[in-house]
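Shown here: final-v4.cif, mmCIF, C-alpha atoms.
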data_query
#
loop_
_atom_site.label_atom_id
_atom_site.label_comp_id
_atom_site.auth_asym_id
_atom_site.auth_seq_id
_atom_site.Cartn_x
_atom_site.Cartn_y
_atom_site.Cartn_z
CA MET L 1 80.85 117.51 94.30
CA ASP L 2 78.65 117.47 97.37
CA GLN L 3 78.75 119.83 100.27
CA HIS L 4 79.56 117.76 103.34
CA ASP L 5 77.63 118.51 106.47
CA GLY L 6 80.33 120.86 107.76
CA SER L 7 79.92 119.52 111.29
CA ASN L 8 82.53 120.34 113.82
CA LEU L 9 85.43 117.94 113.44
CA ALA L 10 85.89 117.47 117.18
CA ASP L 11 82.21 116.52 117.54
CA LEU L 12 82.40 114.03 114.66
CA MET L 13 85.50 112.38 116.09
CA ALA L 14 84.05 112.17 119.60
CA ALA L 15 80.77 110.73 118.32
CA ALA L 16 82.55 108.20 116.10
CA ALA L 17 84.78 107.17 119.00
CA ASN L 18 81.60 106.43 120.94
CA GLY L 19 80.20 104.23 118.21
CA CYS L 20 78.21 106.60 115.98
CA GLN L 21 78.40 105.15 112.47
CA PRO L 22 76.90 108.23 110.69
CA SER L 23 79.64 110.39 112.23
CA TRP L 24 82.23 107.88 111.06
CA ASN L 25 80.72 107.97 107.57
CA ALA L 26 80.96 111.77 107.60
CA LEU L 27 84.65 111.53 108.49
CA VAL L 28 85.16 109.07 105.63
CA ASP L 29 83.35 111.35 103.16
CA ARG L 30 85.43 114.30 104.23
CA TYR L 31 88.86 112.69 104.14
CA LEU L 32 88.70 109.94 101.53
CA PRO L 33 89.87 112.31 98.75
CA LEU L 34 92.89 113.20 100.91
CA VAL L 35 93.80 109.53 101.38
CA TYR L 36 93.63 108.77 97.66
CA SER L 37 95.48 111.95 96.73
CA VAL L 38 98.35 110.67 98.89
CA THR L 39 98.34 107.17 97.37
CA ARG L 40 98.48 108.74 93.90
CA LYS L 41 101.63 110.65 94.87
CA TYR L 42 103.22 107.22 95.37
CA ARG L 43 101.80 106.02 92.04
CA LEU L 44 99.72 103.38 93.77
CA SER L 45 96.49 102.46 92.06
CA GLY L 46 93.88 99.73 92.01
CA GLU L 47 94.08 97.18 94.80
CA ASP L 48 97.34 98.60 96.15
CA ALA L 49 95.76 102.00 96.74
CA ASP L 50 92.65 100.32 98.18
CA ASP L 51 94.81 98.29 100.60
CA VAL L 52 96.50 101.45 101.84
CA SER L 53 93.16 103.20 102.23
CA GLN L 54 91.64 100.31 104.18
CA THR L 55 94.65 100.12 106.50
CA LEU L 56 94.41 103.88 107.08
CA TRP L 57 90.76 103.68 108.10
CA LEU L 58 91.37 100.64 110.33
CA ARG L 59 94.16 102.60 112.00
CA LEU L 60 91.88 105.58 112.47
CA VAL L 61 89.17 103.41 114.01
CA GLU L 62 91.75 102.28 116.57
CA ASN L 63 93.07 105.77 117.22
CA LEU L 64 89.92 107.90 117.40
CA HIS L 65 90.35 108.23 121.16
CA ALA L 66 94.08 108.79 120.92
CA ILE L 67 94.05 111.80 118.57
CA ARG L 68 93.65 114.55 121.14
CA GLU L 69 93.77 117.52 118.81
CA PRO L 70 91.13 117.24 116.06
CA ARG L 71 92.86 119.88 113.95
CA ALA L 72 95.81 117.50 113.69
CA LEU L 73 93.66 114.87 111.97
CA PRO L 74 94.48 115.85 108.34
CA SER L 75 98.21 115.75 109.12
CA TRP L 76 97.79 112.43 110.92
CA ILE L 77 95.96 111.03 107.90
CA VAL L 78 98.67 112.23 105.51
CA THR L 79 101.49 110.84 107.66
CA THR L 80 99.82 107.49 108.27
CA THR L 81 98.79 107.06 104.62
CA LYS L 82 102.31 107.94 103.52
CA ARG L 83 103.81 105.29 105.80
CA GLU L 84 101.39 102.61 104.61
CA ALA L 85 101.97 103.63 100.99
CA LEU L 86 105.70 103.12 101.51
CA ARG L 87 105.05 99.68 102.98
CA VAL L 88 102.96 98.59 100.03
CA LEU L 89 105.31 100.16 97.53
CA ALA L 90 108.28 98.33 99.00
CA ALA L 91 106.40 95.06 99.33
CA ARG L 92 105.27 95.19 95.69
CA GLN L 93 108.79 96.03 94.52
CA ARG L 94 109.94 92.86 96.18
CA THR L 95 107.37 90.63 94.60
CA LYS L 96 107.14 92.08 91.09
CA PRO L 97 110.00 91.31 88.76
CA VAL L 98 111.63 94.35 87.20
CA ASP L 99 111.33 94.65 83.44
CA PRO L 100 114.67 96.12 82.37
CA SER L 101 113.15 97.63 79.23
CA THR L 102 110.74 99.80 81.21
CA ALA L 103 112.54 100.12 84.55
CA PHE L 104 113.87 103.57 83.69
CA ASP L 105 110.81 104.93 81.89
CA LYS L 106 109.45 106.44 85.05
CA PRO L 107 111.66 108.87 86.91
CA ALA L 108 112.42 107.73 90.46
CA LEU L 109 110.10 108.99 93.16
CA ASP L 110 111.85 111.83 94.89
CA SER L 111 111.02 112.38 98.55
CA ALA L 112 111.39 116.19 98.37
CA THR L 113 108.86 116.31 95.53
CA ILE L 114 106.52 114.03 97.41
CA ASP L 115 106.76 116.07 100.61
CA CYS L 116 105.87 119.12 98.57
CA ASP L 117 102.95 117.26 96.99
CA LEU L 118 101.76 116.08 100.40
CA LEU L 119 101.67 119.66 101.70
CA ARG L 120 99.63 120.58 98.66
CA ALA L 121 97.29 117.63 99.29
CA GLU L 122 96.73 118.87 102.84
CA ARG L 123 96.11 122.37 101.54
CA HIS L 124 93.54 121.05 99.08
CA GLN L 125 91.83 119.31 102.00
CA ALA L 126 91.71 122.62 103.87
CA LEU L 127 90.14 124.20 100.77
CA ARG L 128 87.49 121.46 100.55
CA ASP L 129 86.75 121.99 104.25
CA GLY L 130 86.57 125.74 103.62
CA LEU L 131 84.12 125.24 100.75
CA ALA L 132 81.94 123.11 102.99
CA GLN L 133 81.76 125.93 105.54
CA LEU L 134 80.33 128.41 103.01
CA LYS L 135 76.66 129.31 103.05
CA PRO L 136 74.66 126.96 100.79
CA GLU L 137 74.04 129.62 98.12
CA GLU L 138 77.72 130.57 98.14
CA TYR L 139 78.72 126.94 97.93
CA ARG L 140 76.44 126.35 94.93
CA LEU L 141 78.03 129.26 93.10
CA MET L 142 81.57 128.13 93.86
CA ALA L 143 80.79 124.56 92.78
CA LEU L 144 79.67 125.89 89.38
CA LEU L 145 82.65 128.25 89.11
CA ILE L 146 85.07 125.34 89.50
CA ALA L 147 82.99 122.82 87.54
CA ASP L 148 84.66 120.57 85.01
CA PRO L 149 84.07 121.24 82.13
CA PRO L 150 83.97 124.99 82.88
CA LEU L 151 80.73 126.95 82.63
CA THR L 152 80.30 130.54 81.40
CA TYR L 153 79.00 133.21 83.76
CA ALA L 154 75.85 133.31 81.64
CA GLU L 155 75.25 129.58 82.15
CA ILE L 156 75.94 129.87 85.87
CA ALA L 157 73.60 132.84 86.24
CA LYS L 158 70.88 130.95 84.40
CA ARG L 159 71.25 127.83 86.54
CA LEU L 160 71.20 129.73 89.81
CA GLY L 161 68.58 132.27 88.73
CA ILE L 162 70.84 135.21 89.58
CA SER L 163 72.18 138.10 87.53
CA VAL L 164 75.53 137.80 85.78
CA GLY L 165 76.61 141.00 87.48
CA SER L 166 76.19 139.49 90.95
CA ILE L 167 78.56 136.60 90.30
CA GLY L 168 81.80 138.60 90.51
CA PRO L 169 81.15 140.20 93.91
CA THR L 170 79.91 136.93 95.45
CA ARG L 171 82.89 135.08 94.04
CA GLY L 172 85.22 137.67 95.56
CA ARG L 173 83.51 137.39 98.93
CA CYS L 174 83.75 133.57 98.87
CA LEU L 175 87.43 133.62 97.98
CA THR L 176 88.11 136.03 100.83
CA LYS L 177 86.34 133.64 103.18
CA LEU L 178 88.28 130.68 101.82
CA ARG L 179 91.58 132.47 102.33
CA ALA L 180 90.65 132.87 105.97
CA THR L 181 89.97 129.12 106.42
CA PRO L 182 91.95 128.26 109.57
CA GLY L 183 93.70 125.24 108.10
CA LEU L 184 94.74 127.19 105.03
CA GLU L 185 96.39 129.98 106.98
CA ARG L 186 98.24 127.47 109.11
CA LEU L 187 99.55 125.59 106.07
CA VAL L 188 100.75 128.72 104.35
CA GLU L 189 102.53 129.81 107.51
CA SER L 190 104.22 126.45 107.84
CA ASP L 191 105.22 126.63 104.16
CA GLY L 192 107.13 129.80 104.90
CA VAL L 193 108.78 128.41 108.01
CA SER L 194 109.94 125.23 106.32
CA GLY L 195 111.29 127.14 103.35
CA ILE L 196 109.19 124.99 101.04
CA GLU L 197 109.06 127.88 98.60
CA GLY L 198 112.68 127.19 97.77
CA GLY L 199 114.31 125.43 94.84
CA ASP L 200 113.06 121.85 94.48
CA CYS L 201 109.46 122.64 95.21
CA ASN L 202 109.41 125.56 92.78
CA GLU L 203 110.80 123.57 89.94
CA LEU L 204 108.75 120.46 90.41
CA ALA L 205 105.42 121.79 91.50
CA LYS L 206 102.69 121.06 89.04
CA VAL L 207 99.84 123.32 90.12
CA MET R 1 105.51 127.79 90.06
CA SER R 2 105.61 127.86 93.85
CA LEU R 3 102.95 126.85 96.32
CA PRO R 4 100.51 129.76 96.31
CA ARG R 5 100.87 132.29 99.10
CA TYR R 6 98.16 133.62 101.34
CA ASP R 7 97.83 136.62 99.00
CA SER R 8 97.74 134.53 95.82
CA SER R 9 95.52 135.94 93.14
CA ASP R 10 91.90 134.95 92.77
CA GLU R 11 92.72 133.01 89.61
CA GLN R 12 95.37 130.94 91.40
CA LEU R 13 92.97 130.16 94.20
CA ILE R 14 90.31 129.10 91.68
CA MET R 15 92.86 126.79 90.05
CA GLU R 16 93.62 125.26 93.43
CA LEU R 17 89.93 124.82 94.17
CA LYS R 18 89.55 123.03 90.84
CA ALA R 19 92.42 120.71 91.74
CA ALA R 20 90.87 120.07 95.17
CA ALA R 21 87.51 119.24 93.56
CA ALA R 22 89.20 116.96 91.03
CA GLU R 23 90.71 114.96 93.91
CA GLU R 24 87.22 114.43 95.24
CA ARG R 25 86.08 113.06 91.87
CA ALA R 26 89.15 110.82 91.64
CA VAL R 27 88.14 108.61 94.57
CA PRO R 28 87.52 105.18 93.01
CA PRO R 29 84.02 103.70 93.13
CA GLY R 30 83.49 101.40 96.07
CA ALA R 31 86.19 103.04 98.20
CA ARG R 32 83.65 104.97 100.24
CA GLU R 33 81.62 101.90 101.22
CA ALA R 34 84.77 99.92 102.00
CA ALA R 35 86.10 102.69 104.23
CA GLN R 36 82.77 103.06 106.01
CA ALA R 37 82.72 99.30 106.65
CA THR R 38 85.99 99.43 108.62
CA PHE R 39 83.95 100.90 111.48
CA ALA R 40 82.81 97.38 112.27
CA TRP R 41 86.35 96.76 113.55
CA ARG R 42 86.01 99.41 116.23
CA THR R 43 86.92 97.75 119.49
CA VAL R 44 85.04 98.45 122.64
CA ASP R 45 87.05 95.90 124.58
CA GLN R 46 89.31 97.82 126.91
CA GLU R 47 91.10 94.57 127.73
CA LEU R 48 92.84 94.57 124.35
CA ARG R 49 96.43 95.79 124.46
CA THR R 50 98.03 97.12 121.32
CA LEU R 51 101.42 96.15 119.98
CA LEU R 52 102.90 98.93 117.86
CA VAL R 53 105.04 98.56 114.76
CA CYS R 54 108.61 99.38 115.76
CA PHE R 55 110.40 98.12 112.65
CA ASP R 56 109.36 97.39 109.09
CA SER R 57 112.03 96.56 106.56
CA ALA R 58 109.75 98.01 103.87
CA VAL R 59 109.82 101.42 105.53
CA ASN R 60 113.09 101.45 107.43
CA GLU R 61 115.17 100.37 104.50
CA GLY R 62 113.66 103.13 102.41
CA ALA R 63 111.57 102.04 99.47
CA LEU R 64 112.40 105.23 97.64
CA ALA R 65 116.12 105.22 98.32
CA ARG R 66 116.66 101.65 97.24
CA GLY R 67 117.78 100.95 93.74
CA PRO R 68 116.50 98.01 91.73
CA SER R 69 114.04 95.86 93.63
CA SER R 70 115.30 92.83 95.45
CA PRO R 71 112.58 90.22 95.15
CA SER R 72 114.46 87.64 97.13
CA SER R 73 114.91 89.62 100.33
CA PRO R 74 112.35 88.82 103.03
CA ARG R 75 110.07 91.42 104.52
CA SER R 76 110.45 91.68 108.26
CA LEU R 77 108.26 93.47 110.76
CA SER R 78 108.52 93.93 114.52
CA PHE R 79 105.72 94.85 116.91
CA GLU R 80 106.30 95.88 120.47
CA GLY R 81 104.23 96.36 123.59
CA ASP R 82 104.96 96.58 127.30
CA GLU R 83 104.64 92.86 127.93
CA LEU R 84 105.28 91.25 124.57
CA GLY R 85 106.99 91.70 121.26
CA VAL R 86 106.33 89.86 117.99
CA GLU R 87 108.65 89.57 115.05
CA ILE R 88 107.43 88.29 111.69
CA GLU R 89 109.11 87.61 108.40
CA ILE R 90 107.35 87.10 105.10
CA HIS R 91 109.26 85.16 102.53
CA ALA R 92 108.62 82.62 99.82
CA GLY R 93 104.92 82.19 100.47
CA ARG R 94 105.26 81.78 104.21
CA LEU R 95 104.91 83.94 107.28
CA THR R 96 107.21 82.90 110.12
CA GLY R 97 107.05 84.59 113.48
CA GLN R 98 108.29 84.59 117.03
CA LEU R 99 106.86 85.87 120.29
CA LEU R 100 109.38 87.74 122.42
CA PRO R 101 110.47 87.04 125.06
CA PRO R 102 110.23 83.44 123.74
CA GLN R 103 107.14 81.74 125.13
CA PRO R 104 104.33 79.50 123.97
CA GLY R 105 101.00 81.01 123.05
CA ALA R 106 98.17 81.13 120.54
CA VAL R 107 98.42 83.44 117.54
CA ARG R 108 95.62 84.46 115.22
CA VAL R 109 96.39 86.19 111.94
CA VAL R 110 93.43 88.35 110.99
CA SER R 111 92.64 90.01 107.68
CA MET R 112 89.53 91.99 106.83
CA ALA R 113 88.01 88.79 105.47
CA GLY R 114 88.27 87.27 108.95
CA VAL R 115 90.69 84.88 110.64
CA HIS R 116 93.31 83.86 108.09
CA ALA R 117 95.07 81.38 110.37
CA GLU R 118 95.14 80.28 113.96
CA VAL R 119 98.36 78.67 115.12
CA SER R 120 100.21 77.69 118.28
CA ALA R 121 103.57 79.22 119.03
CA ASP R 122 106.00 76.60 120.34
CA ALA R 123 108.07 76.81 123.53
CA ALA R 124 110.52 79.10 121.71
CA GLY R 125 107.61 81.35 120.66
CA CYS R 126 107.93 80.33 117.01
CA PHE R 127 105.09 79.85 114.55
CA VAL R 128 104.70 79.39 110.79
CA ILE R 129 101.69 79.91 108.52
CA ASP R 130 100.99 80.35 104.81
CA ARG R 131 101.45 83.89 103.56
CA PRO R 132 98.22 85.85 103.99
CA PRO R 133 96.90 87.68 100.91
CA ASN R 134 97.83 91.33 100.28
CA GLY R 135 95.89 93.86 102.30
CA PRO R 136 95.52 94.96 105.91
CA LEU R 137 96.56 92.41 108.49
CA ARG R 138 96.92 92.15 112.24
CA LEU R 139 98.01 89.54 114.76
CA GLU R 140 96.16 88.67 117.93
CA CYS R 141 98.38 86.98 120.49
CA ASN R 142 97.19 85.11 123.55
CA VAL R 143 99.90 84.29 126.05
CA GLY R 144 97.53 84.23 129.02
CA GLY R 145 95.99 87.42 130.33
CA PRO R 146 94.60 90.11 128.02
CA ILE R 147 94.77 89.50 124.27
CA LEU R 148 97.61 91.46 122.68
CA VAL R 149 96.72 92.87 119.28
CA THR R 150 99.08 94.42 116.75
CA GLU R 151 98.33 97.55 114.79
CA TRP R 152 96.95 96.95 111.32
CA VAL R 153 99.64 96.95 108.65
CA SER R 154 99.46 96.63 104.88
CA LEU R 155 101.06 93.48 103.65
#
As a first step, turn the structure in this file into structure tokens.
Amino acid sequence: MDQHDGSNLADLMAAAANGCQPSWNALVDRYLPLVYSVTRKYRLSGEDADDVSQTLWLRLVENLHAIREPRALPSWIVTTTKREALRVLAARQRTKPVDPSTAFDKPALDSATIDCDLLRAERHQALRDGLAQLKPEEYRLMALLIADPPLTYAEIAKRLGISVGSIGPTRGRCLTKLRATPGLERLVESDGVSGIEGGDCNELAKV
Amino acid sequence: MSLPRYDSSDEQLIMELKAAAAEERAVPPGAREAAQATFAWRTVDQELRTLLVCFDSAVNEGALARGPSSPSSPRSLSFEGDELGVEIEIHAGRLTGQLLPPQPGAVRVVSMAGVHAEVSADAAGCFVIDRPPNGPLRLECNVGGPILVTEWVSL
């Protein structure tokens, strides 16, 4: 996991719209995990997922000037990727014969579950953006705290050359900062308003 | 388990951060370079006019709602702009299309690999080409005046 440059989103979008390839690359780095997390919700993989991703980025290239509110970009990406995923899903259903012996192995995709998953995907994006806004030393600690496979506090302290006792307080401070990430607050608020905490989402959520 | 609240415990937030980091690792190799390369398609030509998707049977008929797949039904797509509309249908290895209102013109079907086909639309606006490969696609229509370009769509 790399810390992205944390540049202001509005600046990146404006620069990319004016032809700055490095700014475009930074946008790609930041949002590619979001795009693929959406395609996975639709069980698209391999070339199908790549097709959706490419269409998404081509669409964004065309619309850089048109997206007036940079903060709306993650939602725009989720919505556009979702629509393209549906296109590809439907197109592949038409062209691939159904094997009756396996047709019912997978439960049908349920749009309420997916909408719930998409909100979560957007929230994860806000968390990644929040991580990128941390101070470098804070970011390094958080990256080790969420490493896979997990590391012990002793290992983390050794790697960072800090005391084990300092990890807890720094961790607490970072989590407080992350909770205050603007996008995260907004998503939690909208969760409440849309009643997403209710039935379906509770039962089917995986995290 | 519900979506975590603003006051979710530290452990829950750590779990979420782990999931967020896992999504970053799950991006397939090569995807980054491919996405960066789409920047080459940025258009600086203000003369281009965009035709927007206004109907797609794949979306409008609800891929999720539909029962067993229906391989024989054609895929149809409509694009619309102020001056021109285009309807296309993909079926049995062919892409047939019509410019609306009906009029002759030149149509280019473009994929990321380049121009897939260049064809003339007849007096009724109709054209036929071989089915382009899967992937992003757009049509560039010349009926005199500025080139009219459709949004990219996944085929």
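Minimum distance to chain R across L:Arg179, L:Ser166, L:Gly161, L:Asp129 (counting all atoms listed in the file) occurs at L:Arg179.
Excluding segment 134-150 of chain R itself and same-chain residues fewer than 5 positions from it, the residues having an atom within 8 Å of it are Asp48, Asp51, Val52, Gln54 and Thr55 of chain L; Glu47, Leu48, Arg49, Thr50, Leu51, Leu52, Val53, Phe79, Leu84, Gln103, Pro104, Gly105, Ala106, Val107, Arg108, Val109, Val110, Ser111, Met112 and Leu155 of chain R, counting only C-alpha atoms.
Closest approach to Arg87 of chain L among L:Thr39, L:Ser111, L:Gln133, L:Thr176: L:Thr39, based on all atoms listed in the file.
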For Ile77 of chain L, please output as a ChimeraX atom specification all residues within 12 Å (counting only C-alpha atoms; exclusion window: fewer than 3 positions along the same chain). /L:27-28,30-39,52-53,55-61,63-64,67,70-74,80-85,118,121-122,125
I need the output of the PyMOL selection byres ((chain L and resi 147) around 10) for this file as JSON, numbers by chain; which residues are they? {"L": [1, 141, 142, 143, 144, 145, 146, 148, 149, 150, 151], "R": [17, 18, 21, 22]}
Restricted to C-alpha atoms, what would the selected residues look like written as a tab-separated table (two decimals), in the frame of the given file?
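Once everything was written out, this is out17.tsv:
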chain	number	residue	atom	x	y	z
L	1	MET	CA	80.85	117.51	94.30
L	141	LEU	CA	78.03	129.26	93.10
L	142	MET	CA	81.57	128.13	93.86
L	143	ALA	CA	80.79	124.56	92.78
L	144	LEU	CA	79.67	125.89	89.38
L	145	LEU	CA	82.65	128.25	89.11
L	146	ILE	CA	85.07	125.34	89.50
L	148	ASP	CA	84.66	120.57	85.01
L	149	PRO	CA	84.07	121.24	82.13
L	150	PRO	CA	83.97	124.99	82.88
L	151	LEU	CA	80.73	126.95	82.63
R	17	LEU	CA	89.93	124.82	94.17
R	18	LYS	CA	89.55	123.03	90.84
R	21	ALA	CA	87.51	119.24	93.56
R	22	ALA	CA	89.20	116.96	91.03
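In this structure, atom CA of Asp130 of chain R sits 8.6 Å away from atom CA of Thr96 of chain R.
Nearest to chain L of all the residues R:Gly30, R:Thr38, R:Phe55, R:Arg94 is R:Thr38, based on all atoms listed in the file.
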Evaluate the PyMOL selection byres ((chain R and resi 126) around 12) and report residues as a short mmCIF file (atom, residue, chain, number, x, y, z; two decimals) with C-alpha atoms, in the frame of the given file:
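part_13.cif was written with the following content:
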data_model
loop_
_atom_site.label_atom_id
_atom_site.label_comp_id
_atom_site.auth_asym_id
_atom_site.auth_seq_id
_atom_site.Cartn_x
_atom_site.Cartn_y
_atom_site.Cartn_z
CA VAL R 86 106.33 89.86 117.99
CA GLU R 87 108.65 89.57 115.05
CA ILE R 88 107.43 88.29 111.69
CA GLU R 89 109.11 87.61 108.40
CA LEU R 95 104.91 83.94 107.28
CA THR R 96 107.21 82.90 110.12
CA GLY R 97 107.05 84.59 113.48
CA GLN R 98 108.29 84.59 117.03
CA LEU R 99 106.86 85.87 120.29
CA LEU R 100 109.38 87.74 122.42
CA PRO R 101 110.47 87.04 125.06
CA PRO R 102 110.23 83.44 123.74
CA GLN R 103 107.14 81.74 125.13
CA PRO R 104 104.33 79.50 123.97
CA GLY R 105 101.00 81.01 123.05
CA ALA R 106 98.17 81.13 120.54
CA VAL R 107 98.42 83.44 117.54
CA VAL R 119 98.36 78.67 115.12
CA SER R 120 100.21 77.69 118.28
CA ALA R 121 103.57 79.22 119.03
CA ASP R 122 106.00 76.60 120.34
CA ALA R 123 108.07 76.81 123.53
CA ALA R 124 110.52 79.10 121.71
CA GLY R 125 107.61 81.35 120.66
CA PHE R 127 105.09 79.85 114.55
CA VAL R 128 104.70 79.39 110.79
CA ILE R 129 101.69 79.91 108.52
#
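Nearest to chain L of all the residues R:Arg42, R:Ala37, R:Ala92, R:Pro29 is R:Arg42, counting only C-alpha atoms.
The residues caught by the PyMOL selection byres ((chain L and resi 137) around 12) in this file are Gln3, Leu131, Ala132, Gln133, Leu134, Lys135, Pro136, Glu138, Tyr139, Arg140, Leu141, Met142, Ala143, Leu144, Leu160, Gly161, Ile162, Ile167, Thr170, Arg171 and Cys174 of chain L.
Straight-line separation from atom CA of Arg75 of chain R to atom CA of Ile90 of chain R: 5.1 Å.
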Gap from atom CA of Ser57 of chain R to atom CA of Ala49 of chain L - Å, one decimal: 19.8 Å
Of the residues R:Ser76, R:Glu11, R:Trp152, R:Gly93, which is the one nearest to Trp41 of chain R, using all atoms listed in the file? R:Trp152
Under the rule that all atoms listed in the file are counted, which of L:Ala10, L:Ala90, L:Ala112, L:Cys20 is the nearest residue to Arg68 of chain L? L:Ala10
N, CA and C atoms are what I want for segment 98-120 of chain R; can you complete it accordingly and write them as an mmCIF file, keeping the file's coordinate frame?
data_model
loop_
_atom_site.group_PDB
_atom_site.id
_atom_site.type_symbol
_atom_site.label_atom_id
_atom_site.label_comp_id
_atom_site.auth_asym_id
_atom_site.auth_seq_id
_atom_site.Cartn_x
_atom_site.Cartn_y
_atom_site.Cartn_z
ATOM 1 N N GLN R 98 107.843 84.985 115.700
ATOM 2 C CA GLN R 98 108.290 84.590 117.030
ATOM 3 C C GLN R 98 107.766 85.587 118.071
ATOM 4 N N LEU R 99 107.260 85.043 119.167
ATOM 5 C CA LEU R 99 106.860 85.870 120.290
ATOM 6 C C LEU R 99 108.102 86.137 121.141
ATOM 7 N N LEU R 100 108.227 87.364 121.613
ATOM 8 C CA LEU R 100 109.380 87.740 122.420
ATOM 9 C C LEU R 100 108.928 88.453 123.693
ATOM 10 N N PRO R 101 109.505 88.123 124.866
ATOM 11 C CA PRO R 101 110.470 87.040 125.060
ATOM 12 C C PRO R 101 109.853 85.694 124.660
ATOM 13 N N PRO R 102 110.721 84.733 124.245
ATOM 14 C CA PRO R 102 110.230 83.440 123.740
ATOM 15 C C PRO R 102 109.304 82.768 124.746
ATOM 16 N N GLN R 103 108.116 82.409 124.272
ATOM 17 C CA GLN R 103 107.140 81.740 125.130
ATOM 18 C C GLN R 103 106.051 81.135 124.268
ATOM 19 N N PRO R 104 105.424 80.087 124.746
ATOM 20 C CA PRO R 104 104.330 79.500 123.970
ATOM 21 C C PRO R 104 103.110 80.393 124.010
ATOM 22 N N GLY R 105 102.221 80.210 123.066
ATOM 23 C CA GLY R 105 101.000 81.010 123.050
ATOM 24 C C GLY R 105 100.173 80.664 121.829
ATOM 25 N N ALA R 106 99.027 81.314 121.708
ATOM 26 C CA ALA R 106 98.170 81.130 120.540
ATOM 27 C C ALA R 106 98.180 82.421 119.735
ATOM 28 N N VAL R 107 98.351 82.267 118.415
ATOM 29 C CA VAL R 107 98.420 83.440 117.540
ATOM 30 C C VAL R 107 97.348 83.333 116.464
ATOM 31 N N ARG R 108 96.588 84.401 116.316
ATOM 32 C CA ARG R 108 95.620 84.460 115.220
ATOM 33 C C ARG R 108 96.052 85.548 114.254
ATOM 34 N N VAL R 109 96.076 85.209 112.971
ATOM 35 C CA VAL R 109 96.390 86.190 111.940
ATOM 36 C C VAL R 109 95.070 86.584 111.284
ATOM 37 N N VAL R 110 94.748 87.869 111.385
ATOM 38 C CA VAL R 110 93.430 88.350 110.990
ATOM 39 C C VAL R 110 93.553 89.310 109.807
ATOM 40 N N SER R 111 92.760 89.054 108.775
ATOM 41 C CA SER R 111 92.640 90.010 107.680
ATOM 42 C C SER R 111 91.214 90.530 107.710
ATOM 43 N N MET R 112 90.888 91.448 106.795
ATOM 44 C CA MET R 112 89.530 91.990 106.830
ATOM 45 C C MET R 112 88.490 90.938 106.483
ATOM 46 N N ALA R 113 88.933 89.866 105.825
ATOM 47 C CA ALA R 113 88.010 88.790 105.470
ATOM 48 C C ALA R 113 87.701 87.919 106.692
ATOM 49 N N GLY R 114 88.470 88.087 107.760
ATOM 50 C CA GLY R 114 88.270 87.270 108.950
ATOM 51 C C GLY R 114 89.580 86.646 109.400
ATOM 52 N N VAL R 115 89.476 85.522 110.138
ATOM 53 C CA VAL R 115 90.690 84.880 110.640
ATOM 54 C C VAL R 115 91.368 84.124 109.497
ATOM 55 N N HIS R 116 92.562 84.526 109.160
ATOM 56 C CA HIS R 116 93.310 83.860 108.090
ATOM 57 C C HIS R 116 93.921 82.561 108.595
ATOM 58 N N ALA R 117 94.450 82.584 109.809
ATOM 59 C CA ALA R 117 95.070 81.380 110.370
ATOM 60 C C ALA R 117 95.104 81.495 111.884
ATOM 61 N N GLU R 118 95.046 80.338 112.514
ATOM 62 C CA GLU R 118 95.140 80.280 113.960
ATOM 63 C C GLU R 118 96.206 79.222 114.240
ATOM 64 N N VAL R 119 97.225 79.561 114.995
ATOM 65 C CA VAL R 119 98.360 78.670 115.120
ATOM 66 C C VAL R 119 98.913 78.755 116.541
ATOM 67 N N SER R 120 99.561 77.657 116.970
ATOM 68 C CA SER R 120 100.210 77.690 118.280
ATOM 69 C C SER R 120 101.669 78.058 118.119
#
